[in-house]
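> Handing you a structure now.
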Amino acid sequence: MTEKLNLVIIGGGPAGMVAALSADPEVASINLISNAAVGGRAGWHSLLPSKVLLTAADRHHQAGADIPPFHQLTRRIARLAEQYNGKWQERLEAHGVNIISGNAHFIGPHEVQIESPNGGVQTLGFDKAIVASGSTPIFPPALKPNGKEIIAPRFVKHLPGLPQHMIVVGGGITGAEFVYAFNSLGVQVTWLVDQYGVLPPYERSVVDVLVGVLVERGVDLVEGVAVAEVKAENNSVTATLEDGSLFAAEQAFIAIGRRPDLANLNLSAAGFDAETRALTVDEFGRTAIPHIYAAGDVTGPPLVVNKAWDQARVAARHATGRPTPALRSDVWVEAVYSHPQVAQVGLTAMRAVAQGRSVRERRLPFSALLKSRLLDEQDGFLTLCSDPDTDVILGAAAVGDHAADVLAPIALAIRLAATVDDLAAIFPAHPSLSELPFDAARFA
């Protein structure tokens, strides 16, 4: 019998868990090393808690539901995190994954050292490794949370309640989603965004719709100058912009970005450049050190879970000899779970301009759908982009109700190199929001 290869996966978040479940247990001994409970930061501290608040906000906007008291929301966060992450743990154990608690770092090209929570140390050799250690928030010293007046996503679930007035610093996905959530939960929001604007990687036309809606709902957007400092004193905060402007509130929420979490891995011992800030991977997830793979936020933007899962699955299958298609970054749907939602996939018009390419655009409003009218959710549109010569579908952007779901067929069309006519030939159930991309191919 052929001896199994030793596979080490560093990180117990979304990428690490999917990597472990995608590896072939007949071929490899699968070791998942996590420095926290299975589920990682996303499952316990950032993504899942934020989505509980966003779901409550959505129910309020879409169905007129009352906003639950905040303590009920925090209890739901705790309960859902236990249930959801517990199911992942069960799946991993059923797959034969050896889960090891501790902090791992490389001590050689084929060895890691693991420091357990009780102070013990063990060395583990490996034939192949997958780095899935996620990302960590960026907090300059002048914007560092204290967990009370100045908070970040991981503190939200511990709050006794929400303030009357909140300053939100940052125009990225996290900033935009929490601006929407706080505003919907009855908080007066002042949104401070630097010179790069709101959601800089996203198609401007869809972002403008979202910003217009949030401002109409009472969000005070101050855009164009970075925040230099946030100070807490006397149970309040003051934010100072680089031009000297001052803004005061009861609390400040900091969401100015994240970076790959590589600091404690001792990558140089494995053969990487000591200045490595993100792990570049090829179409099968391999890094510059071929027997070491990487997946998720450690590979850089976009920092979205579906990308992490895709990279993890491909890397683990390739590492353990399973057939797998190559990675395609143009099929990752990126979404902002606000109301309306903002989403994009593949080559949008803005990305085409940046690449010096041309695309044919077809735009159809949500109001063209009966389902949108039934739901009274007619704001927004979808823009479908195709090759002007072949009509092969290249990408899309959308703003509106369930925009992220609406773009799922476009991701599949891109993967299959489908044309606009191929899309037009499909008729989903009527009435449904899923009709939008197909109707755009037919009528826009």
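Ligands are numbered from 1 in the order shown, residues from 1 within each chain, and chains are lettered A, B, ... in the order they appear in the structure tokens.
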Gly108 of chain A: which residues within 12 Å, counting only C-alpha atoms, same-chain residues fewer than 4 positions away excluded, as a list of chain:residue names?

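Listing them by chain and then by number gives A:Val112, A:Gln113, A:Thr123, A:Leu124, A:Gly125, A:Phe126, A:Asp127, A:Ala129, A:Leu265, A:Asn266, A:Leu267, A:Ser268, A:Ala269, A:Ala270, A:Gly271, A:Phe272, A:Ile289, A:Ile292.
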
> Determine, for each residue of segment 167-221 of chain A having at least one atom at most 12 Å from an atom of segment 373-384 of chain A, the closest pair of atoms and their separation in Å to one decimal, counting only C-alpha atoms; order by chain and ascending number, as a tab-separated table.


residue	atom	partner	partner_atom	distance
A:Glu203	CA	A:Thr383	CA	10.0
A:Arg204	CA	A:Thr383	CA	11.9
A:Ser205	CA	A:Thr383	CA	9.6
A:Val206	CA	A:Gly380	CA	7.8
A:Val207	CA	A:Gly380	CA	10.5
A:Asp208	CA	A:Gly380	CA	10.5
A:Val209	CA	A:Gly380	CA	7.2
A:Leu210	CA	A:Gly380	CA	8.9
A:Gly212	CA	A:Asp379	CA	11.2
A:Val213	CA	A:Asp379	CA	9.5

> Write the selection just made, keeping N, CA and C atoms, as a PDB file, in the first residue's frame?


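Now in result_34.pdb:
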ATOM      1  N   GLU A 203     -18.178  49.186 -10.293  1.00  0.00           N
ATOM      2  CA  GLU A 203     -18.707  49.988 -11.389  1.00  0.00           C
ATOM      3  C   GLU A 203     -19.380  51.243 -10.830  1.00  0.00           C
ATOM      4  N   ARG A 204     -18.950  52.410 -11.336  1.00  0.00           N
ATOM      5  CA  ARG A 204     -19.443  53.678 -10.791  1.00  0.00           C
ATOM      6  C   ARG A 204     -20.961  53.824 -10.915  1.00  0.00           C
ATOM      7  N   SER A 205     -21.516  53.365 -12.016  1.00  0.00           N
ATOM      8  CA  SER A 205     -22.945  53.572 -12.230  1.00  0.00           C
ATOM      9  C   SER A 205     -23.783  52.871 -11.176  1.00  0.00           C
ATOM     10  N   VAL A 206     -23.364  51.677 -10.733  1.00  0.00           N
ATOM     11  CA  VAL A 206     -24.135  50.974  -9.712  1.00  0.00           C
ATOM     12  C   VAL A 206     -23.868  51.556  -8.326  1.00  0.00           C
ATOM     13  N   VAL A 207     -22.639  51.977  -8.073  1.00  0.00           N
ATOM     14  CA  VAL A 207     -22.310  52.588  -6.785  1.00  0.00           C
ATOM     15  C   VAL A 207     -23.095  53.878  -6.582  1.00  0.00           C
ATOM     16  N   ASP A 208     -23.224  54.662  -7.635  1.00  0.00           N
ATOM     17  CA  ASP A 208     -23.956  55.929  -7.529  1.00  0.00           C
ATOM     18  C   ASP A 208     -25.400  55.713  -7.093  1.00  0.00           C
ATOM     19  N   VAL A 209     -26.006  54.625  -7.559  1.00  0.00           N
ATOM     20  CA  VAL A 209     -27.383  54.326  -7.151  1.00  0.00           C
ATOM     21  C   VAL A 209     -27.436  54.027  -5.655  1.00  0.00           C
ATOM     22  N   LEU A 210     -26.525  53.174  -5.183  1.00  0.00           N
ATOM     23  CA  LEU A 210     -26.496  52.833  -3.758  1.00  0.00           C
ATOM     24  C   LEU A 210     -26.263  54.068  -2.902  1.00  0.00           C
ATOM     25  N   GLY A 212     -26.843  57.173  -3.580  1.00  0.00           N
ATOM     26  CA  GLY A 212     -28.021  58.038  -3.625  1.00  0.00           C
ATOM     27  C   GLY A 212     -29.112  57.561  -2.681  1.00  0.00           C
ATOM     28  N   VAL A 213     -29.321  56.243  -2.623  1.00  0.00           N
ATOM     29  CA  VAL A 213     -30.348  55.690  -1.743  1.00  0.00           C
ATOM     30  C   VAL A 213     -29.978  55.912  -0.279  1.00  0.00           C
TER      31      VAL A 213
END

> Write out as number ranges by chain the set of residues from segment 281-437 of chain A that DSSP, computed on the backbone, places in strand (DSSP E).

A: 292-294, 334-336, 341-346, 360-365, 381-386, 393-400

> Write a file of the just-selected residues containing C-alpha atoms, as a tab-separated table (two decimals), in the first residue's frame.


chain	number	residue	atom	x	y	z
A	292	ILE	CA	3.12	25.09	-0.95
A	293	TYR	CA	-0.30	26.35	-2.04
A	294	ALA	CA	-2.35	29.31	-0.85
A	334	GLU	CA	-18.29	40.26	-5.81
A	335	ALA	CA	-21.20	41.63	-3.80
A	336	VAL	CA	-22.13	44.28	-1.27
A	341	GLN	CA	-27.37	45.21	-3.28
A	342	VAL	CA	-24.41	45.96	-5.51
A	343	ALA	CA	-22.69	43.14	-7.40
A	344	GLN	CA	-20.33	42.57	-10.30
A	345	VAL	CA	-18.58	39.71	-12.07
A	346	GLY	CA	-16.01	39.41	-14.84
A	360	ARG	CA	-20.91	45.93	-25.81
A	361	GLU	CA	-23.25	46.93	-23.00
A	362	ARG	CA	-26.88	45.90	-22.62
A	363	ARG	CA	-28.79	47.46	-19.73
A	364	LEU	CA	-32.17	46.39	-18.37
A	365	PRO	CA	-33.90	47.92	-15.32
A	381	PHE	CA	-30.58	47.76	-13.21
A	382	LEU	CA	-28.30	45.12	-14.69
A	383	THR	CA	-25.64	45.88	-17.29
A	384	LEU	CA	-24.53	42.89	-19.35
A	385	CYS	CA	-21.15	43.16	-21.10
A	386	SER	CA	-20.15	41.07	-24.11
A	393	ILE	CA	-20.44	37.15	-22.42
A	394	LEU	CA	-17.60	38.81	-20.51
A	395	GLY	CA	-19.18	40.19	-17.37
A	396	ALA	CA	-21.96	42.15	-15.71
A	397	ALA	CA	-22.73	44.63	-12.97
A	398	ALA	CA	-26.01	45.10	-11.13
A	399	VAL	CA	-27.63	47.17	-8.42
A	400	GLY	CA	-30.98	46.14	-7.03

> Name all residues at most 10 Å from His158 of chain A (count only C-alpha atoms; drop same-chain ones fewer than 4 positions away) and give them as a list of chain:residue names.

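Answer for this query is A:His71, A:Thr74, A:Arg75, A:Ala78, A:Gly147, A:Lys148, A:Arg154.
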
> Choose the residue, out of A:Ser135, A:Asn31, A:Ser50, A:Ser338, that has the smallest atom-to-atom separation from Glu93 of chain A; count only C-alpha atoms.

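Looking at the shortest contact to Glu93 of chain A, the residue is A:Asn31.
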
> Please return as a PyMOL selection string: the residues of segment 136-384 of chain A that backbone DSSP assigns to alpha helix (DSSP H).

chain A and resi 173-184+204-216+267-270+305-319+349-354+370-375

> Export, as a CSV table (one decimal), in the first residue's frame, the selected residues with C-alpha atoms.


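Written out: part_25.csv:
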chain,number,residue,atom,x,y,z
A,173,ILE,CA,-17.5,46.8,1.4
A,174,THR,CA,-17.5,46.5,5.2
A,175,GLY,CA,-18.0,50.3,5.6
A,176,ALA,CA,-20.8,50.3,3.0
A,177,GLU,CA,-22.6,47.3,4.6
A,178,PHE,CA,-22.4,48.6,8.1
A,179,VAL,CA,-23.5,52.1,7.0
A,180,TYR,CA,-26.6,50.5,5.6
A,181,ALA,CA,-27.1,48.3,8.7
A,182,PHE,CA,-26.6,51.0,11.3
A,183,ASN,CA,-28.9,53.4,9.3
A,184,SER,CA,-31.6,50.8,9.0
A,204,ARG,CA,-19.4,53.7,-10.8
A,205,SER,CA,-22.9,53.6,-12.2
A,206,VAL,CA,-24.1,51.0,-9.7
A,207,VAL,CA,-22.3,52.6,-6.8
A,208,ASP,CA,-24.0,55.9,-7.5
A,209,VAL,CA,-27.4,54.3,-7.2
A,210,LEU,CA,-26.5,52.8,-3.8
A,211,VAL,CA,-25.0,56.1,-2.5
A,212,GLY,CA,-28.0,58.0,-3.6
A,213,VAL,CA,-30.3,55.7,-1.7
A,214,LEU,CA,-28.3,55.8,1.5
A,215,VAL,CA,-28.1,59.6,1.4
A,216,GLU,CA,-31.8,59.8,0.8
A,267,LEU,CA,7.6,32.4,5.4
A,268,SER,CA,11.3,32.9,4.9
A,269,ALA,CA,12.0,29.6,6.5
A,270,ALA,CA,9.9,27.9,3.8
A,305,VAL,CA,-15.5,34.0,0.6
A,306,ASN,CA,-16.5,32.5,-2.7
A,307,LYS,CA,-13.1,33.3,-4.2
A,308,ALA,CA,-11.5,31.7,-1.1
A,309,TRP,CA,-13.6,28.6,-1.5
A,310,ASP,CA,-12.8,28.3,-5.2
A,311,GLN,CA,-9.1,28.6,-4.6
A,312,ALA,CA,-9.2,26.2,-1.6
A,313,ARG,CA,-11.0,23.5,-3.6
A,314,VAL,CA,-8.7,23.8,-6.6
A,315,ALA,CA,-5.5,23.8,-4.4
A,316,ALA,CA,-6.5,20.9,-2.3
A,317,ARG,CA,-7.7,18.7,-5.2
A,318,HIS,CA,-4.5,19.5,-7.2
A,319,ALA,CA,-2.3,18.9,-4.1
A,349,ALA,CA,-17.4,48.5,-18.5
A,350,MET,CA,-15.1,50.2,-16.0
A,351,ARG,CA,-12.7,47.3,-15.9
A,352,ALA,CA,-12.7,47.2,-19.7
A,353,VAL,CA,-11.7,50.8,-19.9
A,354,ALA,CA,-8.9,50.2,-17.4
A,370,LEU,CA,-43.1,41.5,-13.0
A,371,LYS,CA,-41.4,40.0,-9.8
A,372,SER,CA,-39.8,43.4,-9.0
A,373,ARG,CA,-43.1,45.1,-9.3
A,374,LEU,CA,-44.8,42.5,-7.1
A,375,LEU,CA,-42.1,43.1,-4.5
